[in-house]
Each structure stands twice: as C-alpha cells, then as structure tokens.
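Peer 1: Sending over model-v3.txt (compact mmCIF, C-alpha atoms and all ligand atoms).
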# COMPACT_ATOMS: atom_id res chain seq x y z
CA MET A 1 0.00 0.00 0.00
CA THR A 2 1.61 3.26 -1.15
CA VAL A 3 0.29 6.55 0.23
CA LEU A 4 1.10 10.20 -0.39
CA GLY A 5 0.92 12.28 2.80
CA ILE A 6 0.49 16.05 3.04
CA GLU A 7 1.20 18.10 6.18
CA THR A 8 0.36 21.83 6.42
CA SER A 9 -1.01 22.35 9.94
CA CYS A 10 1.70 24.71 11.23
CA ASP A 11 4.86 26.15 9.72
CA GLU A 12 6.29 23.18 7.84
CA THR A 13 5.01 22.44 4.36
CA ALA A 14 5.60 18.73 3.86
CA ALA A 15 4.84 15.89 1.47
CA ALA A 16 6.02 12.29 1.63
CA VAL A 17 5.43 8.87 0.14
CA VAL A 18 5.30 5.89 2.48
CA ARG A 19 4.74 2.21 1.77
CA ARG A 20 3.11 -0.24 4.18
CA SER A 21 3.52 -3.97 3.63
CA PRO A 22 0.59 -6.33 4.30
CA SER A 23 2.38 -7.44 7.49
CA GLY A 24 2.40 -3.82 8.73
CA LYS A 25 6.05 -2.93 8.06
CA GLY A 26 6.66 0.65 6.96
CA GLU A 27 9.10 2.16 4.51
CA ILE A 28 9.65 5.85 3.78
CA LEU A 29 10.15 6.31 0.04
CA SER A 30 10.51 10.09 0.26
CA ASN A 31 10.06 12.81 2.87
CA ALA A 32 10.19 16.38 1.55
CA VAL A 33 9.91 19.22 4.07
CA PHE A 34 10.02 22.94 3.46
CA SER A 35 10.54 24.82 6.70
CA GLN A 36 9.05 28.33 6.71
CA ILE A 37 11.41 29.52 9.47
CA ALA A 38 12.80 32.37 7.36
CA GLU A 39 9.30 33.71 6.65
CA HIS A 40 8.33 33.83 10.35
CA THR A 41 11.65 34.82 11.94
CA PRO A 42 11.09 38.60 11.61
CA TYR A 43 7.94 38.22 13.76
CA GLY A 44 9.51 35.96 16.43
CA GLY A 45 6.84 33.27 15.97
CA VAL A 46 4.47 31.66 13.48
CA VAL A 47 2.08 34.12 11.78
CA PRO A 48 -0.96 32.05 10.65
CA GLU A 49 -1.75 34.10 7.50
CA ILE A 50 1.87 34.01 6.32
CA ALA A 51 1.98 30.26 6.98
CA ALA A 52 -1.19 29.62 4.95
CA ARG A 53 0.12 31.64 2.00
CA ALA A 54 3.51 29.92 2.10
CA HIS A 55 1.77 26.52 2.05
CA VAL A 56 -0.11 27.59 -1.11
CA GLU A 57 3.15 28.66 -2.74
CA HIS A 58 5.22 25.60 -1.87
CA LEU A 59 2.89 22.62 -1.63
CA ASP A 60 2.56 21.71 -5.33
CA GLY A 61 6.33 21.74 -5.81
CA LEU A 62 6.87 19.62 -2.70
CA ILE A 63 4.34 17.02 -3.82
CA ALA A 64 6.08 16.77 -7.19
CA ARG A 65 9.41 16.41 -5.40
CA ALA A 66 8.08 13.74 -3.03
CA LEU A 67 6.75 11.64 -5.94
CA ASN A 68 9.93 12.15 -7.91
CA GLU A 69 12.26 11.21 -5.04
CA ALA A 70 10.10 8.16 -4.28
CA ASN A 71 10.26 7.24 -7.95
CA VAL A 72 6.50 6.69 -8.11
CA GLY A 73 3.80 8.08 -10.38
CA TRP A 74 0.15 8.86 -9.61
CA ASP A 75 -0.86 5.38 -10.76
CA ASP A 76 1.38 3.76 -8.14
CA LEU A 77 -0.53 5.41 -5.27
CA ASP A 78 -3.26 3.67 -3.27
CA GLY A 79 -4.41 6.70 -1.31
CA ILE A 80 -3.95 10.40 -0.51
CA ALA A 81 -3.63 11.39 3.14
CA ALA A 82 -3.64 14.94 4.47
CA THR A 83 -3.73 16.55 7.89
CA ALA A 84 -7.32 17.65 8.49
CA GLY A 85 -6.59 19.15 11.94
CA PRO A 86 -5.93 20.16 14.60
CA GLY A 87 -3.81 23.16 13.67
CA LEU A 88 -3.81 26.62 12.12
CA ILE A 89 -6.99 26.45 10.10
CA GLY A 90 -5.77 28.36 7.02
CA GLY A 91 -2.90 25.94 6.51
CA VAL A 92 -5.05 22.88 7.22
CA ILE A 93 -7.51 24.03 4.52
CA VAL A 94 -4.67 24.38 1.97
CA GLY A 95 -3.42 20.81 2.53
CA LEU A 96 -6.80 19.13 2.81
CA MET A 97 -8.24 20.86 -0.28
CA THR A 98 -5.13 19.96 -2.30
CA ALA A 99 -5.54 16.33 -1.24
CA LYS A 100 -9.23 16.40 -2.18
CA GLY A 101 -8.38 17.76 -5.61
CA ILE A 102 -5.86 14.96 -6.22
CA ALA A 103 -8.23 12.30 -4.84
CA LEU A 104 -11.00 13.47 -7.16
CA ALA A 105 -8.81 13.86 -10.23
CA ARG A 106 -7.03 10.52 -9.77
CA ASN A 107 -9.97 8.61 -8.32
CA LEU A 108 -8.01 7.72 -5.18
CA PRO A 109 -9.32 7.29 -1.63
CA LEU A 110 -8.85 10.29 0.67
CA ILE A 111 -7.74 9.83 4.27
CA ALA A 112 -8.32 12.86 6.53
CA VAL A 113 -5.65 12.42 9.18
CA ASN A 114 -5.58 13.80 12.72
CA HIS A 115 -2.13 15.44 13.03
CA LEU A 116 -1.82 14.09 16.58
CA GLU A 117 -2.48 10.57 15.33
CA GLY A 118 0.37 11.14 12.87
CA HIS A 119 2.72 11.79 15.80
CA ALA A 120 1.14 8.96 17.80
CA LEU A 121 1.67 6.25 15.16
CA THR A 122 5.16 7.27 13.95
CA ALA A 123 6.78 4.75 16.31
CA ARG A 124 5.04 1.96 14.38
CA LEU A 125 6.65 3.22 11.18
CA THR A 126 10.14 3.63 12.64
CA ASP A 127 10.25 0.94 15.35
CA ASP A 128 7.38 -1.49 14.55
CA ALA A 129 5.91 -0.66 17.97
CA PRO A 130 3.05 -3.09 18.62
CA PHE A 131 -0.21 -1.94 20.26
CA PRO A 132 -0.87 -1.14 23.04
CA TYR A 133 1.65 1.43 24.26
CA LEU A 134 1.79 4.47 26.45
CA LEU A 135 2.36 7.70 24.54
CA LEU A 136 3.89 10.92 25.81
CA LEU A 137 2.94 13.46 23.15
CA VAL A 138 4.94 16.65 23.53
CA SER A 139 4.75 19.36 20.88
CA GLY A 140 4.22 23.08 20.43
CA GLY A 141 0.50 22.81 21.14
CA HIS A 142 0.15 19.65 23.23
CA SER A 143 1.46 17.83 26.30
CA GLN A 144 -0.51 14.66 26.81
CA LEU A 145 -0.17 11.13 28.13
CA LEU A 146 -2.36 8.60 26.34
CA VAL A 147 -2.77 4.86 26.12
CA VAL A 148 -2.70 3.98 22.42
CA GLU A 149 -4.90 0.91 22.09
CA GLY A 150 -5.10 0.84 18.31
CA VAL A 151 -5.59 3.02 15.25
CA GLY A 152 -8.16 5.64 16.25
CA ARG A 153 -8.36 4.26 19.81
CA TYR A 154 -6.86 6.53 22.47
CA ARG A 155 -7.41 6.85 26.19
CA ARG A 156 -6.10 10.09 27.63
CA LEU A 157 -4.58 9.80 31.11
CA GLY A 158 -3.34 13.37 31.45
CA THR A 159 -2.94 16.68 29.67
CA THR A 160 -1.62 20.15 30.38
CA ILE A 161 -3.76 22.41 32.50
CA ASP A 162 -2.12 25.51 31.02
CA ASP A 163 0.75 25.67 28.49
CA ALA A 164 2.28 22.98 26.29
CA VAL A 165 5.92 22.11 26.98
CA GLY A 166 7.03 23.14 23.47
CA GLU A 167 5.35 26.49 24.00
CA ALA A 168 7.40 26.90 27.20
CA PHE A 169 10.62 26.10 25.30
CA ASP A 170 9.70 28.70 22.67
CA LYS A 171 8.91 31.31 25.35
CA VAL A 172 12.15 30.68 27.24
CA ALA A 173 14.12 31.03 24.00
CA LYS A 174 12.47 34.38 23.40
CA LEU A 175 13.23 35.55 26.97
CA LEU A 176 16.88 34.59 26.54
CA GLY A 177 17.11 36.27 23.13
CA LEU A 178 17.78 32.95 21.38
CA GLY A 179 15.34 33.59 18.56
CA PHE A 180 12.93 31.31 16.75
CA PRO A 181 12.30 28.35 16.68
CA GLY A 182 12.97 28.06 20.38
CA GLY A 183 13.27 24.38 21.28
CA PRO A 184 16.45 23.51 19.37
CA ALA A 185 18.07 26.83 20.45
CA VAL A 186 17.41 26.17 24.14
CA GLU A 187 18.73 22.61 23.83
CA LYS A 188 21.91 23.82 22.13
CA ILE A 189 22.86 26.55 24.62
CA ALA A 190 21.80 24.39 27.60
CA ARG A 191 24.68 22.03 26.75
CA GLU A 192 27.08 24.77 27.91
CA GLY A 193 25.09 25.53 31.06
CA ASN A 194 25.13 24.52 34.70
CA PRO A 195 21.58 23.39 35.58
CA LYS A 196 22.27 23.78 39.31
CA ARG A 197 23.17 27.48 39.38
CA PHE A 198 19.53 28.63 39.46
CA ALA A 199 16.66 26.93 41.31
CA LEU A 200 13.40 26.71 39.39
CA PRO A 201 9.98 25.26 40.38
CA ARG A 202 8.71 21.91 39.16
CA PRO A 203 4.92 22.32 39.01
CA LEU A 204 2.74 19.33 40.04
CA ILE A 205 5.72 17.07 40.83
CA GLY A 206 4.81 14.52 43.49
CA LYS A 207 1.08 15.15 43.03
CA PRO A 208 -1.18 12.28 41.97
CA GLY A 209 -2.38 12.01 38.38
CA CYS A 210 -0.71 12.70 35.05
CA ASP A 211 -1.64 16.28 34.25
CA PHE A 212 1.03 18.82 33.40
CA SER A 213 1.53 22.48 34.21
CA PHE A 214 4.23 24.67 32.70
CA SER A 215 3.04 28.24 33.17
CA GLY A 216 4.55 28.61 36.67
CA LEU A 217 7.91 27.39 35.39
CA LYS A 218 7.69 29.79 32.45
CA THR A 219 6.90 32.70 34.78
CA ALA A 220 9.81 31.77 37.06
CA VAL A 221 12.18 31.81 34.07
CA ARG A 222 10.81 35.20 33.02
CA GLN A 223 11.40 36.63 36.49
CA LEU A 224 14.87 35.11 36.62
CA ALA A 225 15.78 36.43 33.17
CA GLU A 226 14.44 39.90 33.94
CA ALA A 227 16.43 40.04 37.18
CA GLN A 228 19.72 39.65 35.27
CA VAL A 229 21.33 42.88 34.14
CA ASP A 230 22.80 42.35 30.69
CA PRO A 231 23.30 38.58 31.16
CA ASP A 232 26.38 37.08 29.52
CA ARG A 233 26.29 33.88 27.47
CA GLN A 234 27.17 31.68 30.46
CA THR A 235 24.27 33.07 32.50
CA ARG A 236 21.86 32.50 29.64
CA ALA A 237 23.20 28.97 29.22
CA ASP A 238 22.75 28.33 32.96
CA ILE A 239 19.13 29.54 32.83
CA ALA A 240 18.42 27.41 29.76
CA ALA A 241 19.97 24.36 31.43
CA ALA A 242 18.00 24.91 34.64
CA PHE A 243 14.77 25.27 32.67
CA GLN A 244 15.42 22.18 30.55
CA GLN A 245 16.18 20.12 33.61
CA ALA A 246 13.04 21.31 35.42
CA ALA A 247 10.92 20.57 32.34
CA GLY A 248 12.53 17.11 32.09
CA ASP A 249 11.81 16.41 35.77
CA VAL A 250 8.15 17.37 35.28
CA LEU A 251 7.79 15.18 32.18
CA ALA A 252 9.49 12.24 33.91
CA ASP A 253 7.41 12.54 37.10
CA ARG A 254 4.13 12.67 35.16
CA ALA A 255 5.22 9.84 32.84
CA ILE A 256 6.10 7.65 35.84
CA ASN A 257 2.60 8.14 37.26
CA ALA A 258 1.15 7.30 33.84
CA MET A 259 3.29 4.15 33.53
CA HIS A 260 1.80 2.91 36.80
CA MET A 261 -1.74 3.95 35.83
CA ALA A 262 -1.47 2.45 32.33
CA ARG A 263 -0.95 -1.04 33.75
CA GLN A 264 -4.70 -1.34 34.36
CA PHE A 265 -5.30 -0.76 30.65
CA VAL A 266 -2.36 -2.47 28.98
CA GLY A 267 -1.86 -5.44 31.28
CA GLU A 268 1.37 -6.75 32.70
CA GLY A 269 3.06 -7.77 29.41
CA PRO A 270 6.06 -6.00 27.88
CA GLN A 271 5.49 -2.31 28.44
CA ARG A 272 6.53 0.45 26.10
CA LEU A 273 6.64 4.21 26.52
CA VAL A 274 6.65 6.04 23.19
CA VAL A 275 7.59 9.72 23.07
CA ALA A 276 6.46 11.76 20.07
CA GLY A 277 6.06 15.35 18.88
CA GLY A 278 8.62 18.09 18.26
CA VAL A 279 9.91 18.21 21.86
CA ALA A 280 10.78 14.50 21.64
CA SER A 281 13.68 15.47 19.38
CA ASN A 282 15.45 16.92 22.47
CA LEU A 283 18.30 14.54 23.36
CA ALA A 284 18.59 15.63 27.01
CA LEU A 285 14.87 15.00 27.57
CA ARG A 286 15.15 11.62 25.85
CA ALA A 287 17.93 10.62 28.26
CA ARG A 288 15.83 11.77 31.25
CA LEU A 289 12.83 9.76 30.03
CA GLU A 290 14.99 6.71 29.33
CA THR A 291 15.92 6.60 33.04
CA ALA A 292 12.29 7.09 34.07
CA ALA A 293 11.07 4.34 31.72
CA ARG A 294 13.69 1.90 32.93
CA SER A 295 12.77 2.57 36.58
CA CYS A 296 9.23 1.40 35.76
CA GLY A 297 10.29 -1.62 33.71
CA TYR A 298 9.22 0.04 30.46
CA GLU A 299 11.10 0.16 27.17
CA LEU A 300 11.49 3.69 25.77
CA ILE A 301 10.84 4.20 22.07
CA VAL A 302 11.53 7.58 20.46
CA PRO A 303 11.54 8.05 16.68
CA PRO A 304 14.59 9.76 15.15
CA PRO A 305 14.54 13.57 15.70
CA LYS A 306 13.64 14.31 12.05
CA LEU A 307 10.46 12.27 12.41
CA CYS A 308 9.51 13.83 15.78
CA THR A 309 9.05 17.32 14.36
CA ASP A 310 6.27 17.84 11.82
CA ASN A 311 6.73 15.93 8.56
CA GLY A 312 4.75 14.34 5.76
CA ALA A 313 5.86 10.75 6.41
CA MET A 314 3.92 10.61 9.67
CA ILE A 315 0.75 11.71 7.87
CA ALA A 316 1.28 9.28 5.00
CA TRP A 317 1.89 6.48 7.52
CA ALA A 318 -1.21 7.27 9.61
CA GLY A 319 -3.09 7.35 6.29
CA ALA A 320 -1.69 3.94 5.32
CA GLU A 321 -2.62 2.46 8.71
CA ARG A 322 -6.18 3.75 8.35
CA LEU A 323 -6.44 2.67 4.71
CA ALA A 324 -5.35 -0.85 5.68
CA LEU A 325 -8.37 -0.95 8.02
CA GLY A 326 -10.72 0.47 5.39
CA LEU A 327 -11.00 3.77 7.25
CA VAL A 328 -11.35 6.27 4.40
CA ASP A 329 -13.09 9.64 4.25
CA GLY A 330 -15.45 11.34 1.84
CA LEU A 331 -14.68 14.49 -0.10
CA ASN A 332 -16.90 16.30 2.42
CA ALA A 333 -14.29 15.80 5.21
CA SER A 334 -14.00 19.05 7.17
CA PRO A 335 -10.83 20.86 8.25
CA LEU A 336 -10.82 21.13 12.04
CA ALA A 337 -8.97 23.63 14.24
CA ARG A 338 -9.57 21.39 17.29
CA TRP A 339 -9.69 17.60 17.18
CA PRO A 340 -8.88 15.66 20.38
CA LEU A 341 -7.56 12.10 20.09
CA ASP A 342 -9.76 11.01 22.99
CA PRO A 343 -13.04 12.93 22.75
CA ASP A 344 -14.33 11.20 25.91
CA ALA A 345 -11.50 12.39 28.17
CA THR A 346 -12.58 14.34 31.21
CA PRO A 347 -11.69 18.00 30.74
CA ALA A 348 -8.54 19.18 32.53
CA ARG A 349 -9.13 21.11 35.73
CA GLY A 350 -7.03 23.74 37.40
CA ALA A 351 -6.60 27.43 37.94
CA GLY A 352 -4.98 28.16 34.61
CA VAL A 353 -6.94 25.79 32.34
CA LYS A 354 -7.25 27.16 28.84
CA ALA A 355 -10.61 26.69 27.12
O1 LIG A 401 5.44 18.60 16.62
P1 LIG A 401 5.96 19.93 16.25
O2 LIG A 401 6.98 20.02 15.15
O3 LIG A 401 4.79 20.89 15.86
C1 LIG A 401 3.58 20.87 16.55
O4 LIG A 401 2.74 19.99 16.22
O5 LIG A 401 3.45 21.69 17.50
O6 LIG A 401 6.54 20.59 17.59
C2 LIG A 401 7.06 21.89 17.59
C3 LIG A 401 7.52 22.21 18.99
C4 LIG A 401 8.00 23.64 19.14
O7 LIG A 401 7.47 24.20 20.32
C5 LIG A 401 9.51 23.47 19.25
O8 LIG A 401 10.14 24.50 19.99
C6 LIG A 401 9.62 22.13 19.95
O9 LIG A 401 8.62 21.35 19.35
N1 LIG A 401 10.94 21.54 19.72
C7 LIG A 401 11.83 21.29 20.71
C8 LIG A 401 12.99 20.80 20.07
N2 LIG A 401 12.77 20.75 18.73
C9 LIG A 401 11.49 21.21 18.53
N3 LIG A 401 11.73 21.46 22.04
C10 LIG A 401 12.81 21.13 22.78
N4 LIG A 401 13.97 20.67 22.24
C11 LIG A 401 14.10 20.48 20.91
N5 LIG A 401 15.25 20.03 20.39
ZN ZN A 402 3.17 18.34 15.34
Please lay out the structure from this file as structure tokens.

Peer 2:
Amino acid sequence: MTVLGIETSCDETAAAVVRRSPSGKGEILSNAVFSQIAEHTPYGGVVPEIAARAHVEHLDGLIARALNEANVGWDDLDGIAATAGPGLIGGVIVGLMTAKGIALARNLPLIAVNHLEGHALTARLTDDAPFPYLLLLVSGGHSQLLVVEGVGRYRRLGTTIDDAVGEAFDKVAKLLGLGFPGGPAVEKIAREGNPKRFALPRPLIGKPGCDFSFSGLKTAVRQLAEAQVDPDRQTRADIAAAFQQAAGDVLADRAINAMHMARQFVGEGPQRLVVAGGVASNLALRARLETAARSCGYELIVPPPKLCTDNGAMIAWAGAERLALGLVDGLNASPLARWPLDPDATPARGAGVKA
C-alpha cells in the first residue's frame, strides 16, 4: 500500500510517500519538508496568515518532489492522506483541499488524518511498535499522556492544565534572546550551562495524576531572566539548562505516574513508553525519560529527531494504517482547528486551564 501524505497544519510544508507492507512494516520512500522559518523569523513566531500563503506557494512543488524522489507516479498510489486538523486552520484548509483535488482527479481514496495521530503512530513506522503502548505526546501545542490501544483508539490519562511544553521552550528562547524556533536553540545553549546554578519550580511534581503544568515554570524563568542585568552567554546557558532540567523532571514525574496507571489498561506484558512530537527530538529530555522508563520496567521508544518534528511521512503512515483498516473519508471531510484524540476524556481542571 503506497500513500502520499500532506502536512500543512503549522509552519512546515511537507509531502512524503510511504509504503506499508501487508504485514504492517513501513518504509519511507521520500520525505520532503520545506521549513518556513525564514518567513516567520522577523515576527519571532508563526504568523498564521503568512503560513497559509507559504503553504499555497510551496505545496505543489513539494508534492512533485516527493513523488519524484520516491520514484513513483500517480498510478502507483493507493491513497492520498492529508492533515485535516488540529492546527492553524488556514494551513489545514490548503493541505486538505489539495488532497481532495488529487483524490478526485485521480480517483483515489482520501484519508483525513488527525495530526496528533500522525505523531502517535510514527513509532510503528520507525520501530514497529506493537499496540498497546503508552504515549507521551509533547509538541508546540500539546502535552498529553495517552494509552494507544489501536488506530483511532486513544485513552487520555493526562494533559496540560495551562501551556504545552514546546510552547514553554519557545517562550524561554524568546526571553533569553535565542530567537525562533525556540526548542532547538534552548537545547543547544543548555549544553554549555550549569543546571544547578539557578533553582526553578517543578509544578505538580509529586502530586497524583498525570496532568502537566508549565506556566509557573515559564513565569519563574521570566522573572529570573528579567532580574539579570545584561546577562552574559554563560548566564543565559545556565538559565536554559535549569529550565530544561526542570521541564525534564516534570515530564518524567508525570510519565512515571502514567506508567503505573497504564498497567490497568495495557496489562502486565512487555510495556513500552513512546515519546512523540517536536519536543521528543530533544536529546537531554530523551535521556531523562529513558531513566524514568527503565525505573518502571518500560522500554522507551523515540523516533529519530527528524520524524519527531512535523513531517509528511507521519501523515502518509497514519493514512496507510487507516487505509489498511478500510478507514477512508469522503470528499466532504472538514478541516478542524480542534480535534482531540480522545473525545471522551474528562476535561482538565485547574486554575490556569485554557478553554
Ligand atoms: O510537533 P511539532 O513540530 O509541531 C507541533 O505539532 O506543535 O513541535 C514543535 C515544537 C516547538 O514548540 C519546538 O520549539 C519544539 O517542538 N521543539 C523542541 C525541540 N525541537 C522542537 N523542544 C525542545 N527541544 C528540541 N530540540
Ligand atoms: Zn506536530
């Protein structure tokens, strides 16, 4: 089964071709990504209208490149998958409408993919991870712990009650004058820093449950940064290192609670913790989570960094997994700004909960 995947939900325009064997093995035939960083850098963050326009300008060329690099033609494809949400709605519309046009013109099935499911299933493409597994999904818009029971079957154990962890990385980068995008910049400078020089809070650590909170940590970094008069590089590195360590401690603490909780859903067999989403590309956080997983008798699975940040292969793969189960969508599929993986999850509670 060969599927073209299109990803346009944020600031990467991406197209990829992925093949899934009948036994469920995945192979990436091409994975073309155009990062819009240069377009958004002057504004210090992603501007939705600029992103949508850049997707329009680049998507056709990327699709042609993805087919070309995969050495496949339209007739070799079995389906067209595109992110249908959640994300910046203008961009989602560009990708989904393009996919609909191709599906109609080439008489191919359309698969409207949930971007979060793309992240969630990547470990099956890269590491053949069997169901069920526990998933720590950490990106610019989400921090969640979910039991992945199967394609389209998610049970949320915890979520953030305020900010996403990637958002906190981006904010800290801005406070330290490290520019955009923030996560990789914080990780890089933190390597030169002493995480012990500054003490930072670790919200919710030691509390029951698996919810996250990052706004208090973000505020503490802002106060710390503002208290420094003309901080030198070492000071900024020390702040970045302290923040990254605090964020890692929070993720590990919440994941440990989830690993215990998940046992009631996934049984006592071999246990796996999968980490996915842009923040999962952070090597220091991976190491921290490796220790946490081992302490609970879990195996840690993290896809390679390039497949943790947004890409087309994850959408093509989620499309192939759905297509294999006969889960296809009509040309009336709607783009969605919000689309939870577990619609039955109890809403997060707390002082800073965002609607
Ligand atoms: O999954 P993703 O590419 O897009 C969303 O779906 O949100 O995740 C982007 C987020 C951004 O907040 C970015 O700063 C963060 O992932 N990120 C990182 C790293 N690389 C990307 N955070 C920490 N360390 C990194 N190396
Ligand atoms: Zn993403």

Peer 1: Select, from A:Glu192, A:Glu299, A:Asp230, A:Asp310, the residue with the minimum atom-to-atom distance to Phe34 of chain A, counting all atoms listed in the file.

Peer 2: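 The closest residue to Phe34 of chain A is A:Asp310.
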
Peer 1: Once you add 8 Å to each side, what are the centre and edge lengths of the axis-aligned box holding all listed atoms of segment 194-206 of chain A? One decimal in Å, as lines of an AutoDock Vina configuration file, if you can.

Peer 2:
center_x = 13.9
center_y = 21.6
center_z = 39.1
size_x = 38.4
size_y = 30.1
size_z = 24.8

Peer 1: Can you tell me which residues sit at most 9 Å away from ligand LIG 401 (chain A), counting all atoms listed in the file, written as an MDAnalysis selection string?

Peer 2: chainID A and resid 9:12 86:87 115:116 119 137:142 164:171 173 180:188 244 276:285 305 307:311

Peer 1: Write out as a list of chain:residue names the residues lying within 12 Å of Met261 of chain A, counting only C-alpha atoms and excluding same-chain residues fewer than 4 positions away.

Peer 2: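 My reading of the contact set: A:Leu134, A:Leu145, A:Leu146, A:Val147, A:Arg155, A:Arg156, A:Leu157, A:Gly158, A:Pro208, A:Gly209, A:Cys210, A:Arg254, A:Ala255, A:Ile256, A:Asn257, A:Phe265, A:Val266, A:Gly267, A:Glu268, A:Cys296.
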
Peer 1: From the list A:Leu4, A:Leu62, A:Ala52, A:Ala220, which residue is nearest Asp75 of chain A when using all atoms listed in the file?

Peer 2: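 Between A:Leu4, A:Leu62, A:Ala52, A:Ala220, the residue approaching Asp75 of chain A most closely is A:Leu4.
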
Peer 1: Show which residues sit within 12 Å of Pro48 of chain A, as a PyMOL selection string. Count all atoms listed in the file, and ignore same-chain residues fewer than 5 positions away.

Peer 2: chain A and resi 8-12+36+39-40+43+53-55+87-92

Peer 1: Of the candidates A:Ala242, A:Ala120, A:Leu331, A:Leu59, which one gets nearest to ligand ZN 402 (chain A) if we count all atoms listed in the file?

Peer 2: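 Checking each candidate against ligand ZN 402 (chain A), we get A:Ala120 as the closest.
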
Peer 1: So how far away is atom CA of Leu175 of chain A from atom CA of Val229 of chain A, in Å?

Peer 2: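 So the answer is 13.1 Å.
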
Peer 1: For the atom pair atom CA of Ile189 of chain A and atom CA of Ile239 of chain A, what is the interatomic distance in Å to one decimal place?

Peer 2: 9.5 Å

Peer 1: Counting only C-alpha atoms, what is within 8 Å of Leu341 of chain A, bar same-chain residues fewer than 2 positions away, as a PyMOL selection string?

Peer 2: chain A and resi 114+116-117+152-154+156+339+343

Peer 1: I need the residues from that last selection saved to file as a PDB file, in the frame of the given file (with C-alpha atoms), if you can.

Peer 2:
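Generated file (again19.pdb):
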ATOM      1  CA  ASN A 114      -5.580  13.800  12.720  1.00  0.00           C
ATOM      2  CA  LEU A 116      -1.820  14.090  16.580  1.00  0.00           C
ATOM      3  CA  GLU A 117      -2.480  10.570  15.330  1.00  0.00           C
ATOM      4  CA  GLY A 152      -8.160   5.640  16.250  1.00  0.00           C
ATOM      5  CA  ARG A 153      -8.360   4.260  19.810  1.00  0.00           C
ATOM      6  CA  TYR A 154      -6.860   6.530  22.470  1.00  0.00           C
ATOM      7  CA  ARG A 156      -6.100  10.090  27.630  1.00  0.00           C
ATOM      8  CA  TRP A 339      -9.690  17.600  17.180  1.00  0.00           C
ATOM      9  CA  PRO A 343     -13.040  12.930  22.750  1.00  0.00           C
TER      10      PRO A 343
END

Peer 1: Suppose you want the space between atom CA of Tyr298 of chain A and atom CA of Leu125 of chain A; what is it in Å?

Peer 2: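 Distance reported for this atom pair: 19.7 Å.
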
Peer 1: What's the 12 Å shell around Leu224 of chain A, counting only C-alpha atoms, without same-chain residues fewer than 4 positions away, as JSON, numbers by chain?

Peer 2: {"A": [172, 175, 176, 197, 198, 199, 200, 201, 217, 218, 219, 220, 228, 229, 231, 235, 236, 238, 239, 240, 242, 243]}

Peer 1: Find the residues around Met1 of chain A up to 10 Å (only C-alpha atoms counted), leave out those fewer than 5 positions away in its own chain, and share them as a PDB file with C-alpha atoms, in the frame of the given file.

Peer 2:
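Output saved as out.pdb:
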ATOM      1  CA  VAL A  18       5.300   5.890   2.480  1.00  0.00           C
ATOM      2  CA  ARG A  19       4.740   2.210   1.770  1.00  0.00           C
ATOM      3  CA  ARG A  20       3.110  -0.240   4.180  1.00  0.00           C
ATOM      4  CA  SER A  21       3.520  -3.970   3.630  1.00  0.00           C
ATOM      5  CA  PRO A  22       0.590  -6.330   4.300  1.00  0.00           C
ATOM      6  CA  GLY A  24       2.400  -3.820   8.730  1.00  0.00           C
ATOM      7  CA  GLY A  26       6.660   0.650   6.960  1.00  0.00           C
ATOM      8  CA  ASP A  76       1.380   3.760  -8.140  1.00  0.00           C
ATOM      9  CA  LEU A  77      -0.530   5.410  -5.270  1.00  0.00           C
ATOM     10  CA  ASP A  78      -3.260   3.670  -3.270  1.00  0.00           C
ATOM     11  CA  GLY A  79      -4.410   6.700  -1.310  1.00  0.00           C
ATOM     12  CA  ALA A 320      -1.690   3.940   5.320  1.00  0.00           C
ATOM     13  CA  GLU A 321      -2.620   2.460   8.710  1.00  0.00           C
ATOM     14  CA  LEU A 323      -6.440   2.670   4.710  1.00  0.00           C
ATOM     15  CA  ALA A 324      -5.350  -0.850   5.680  1.00  0.00           C
TER      16      ALA A 324
END
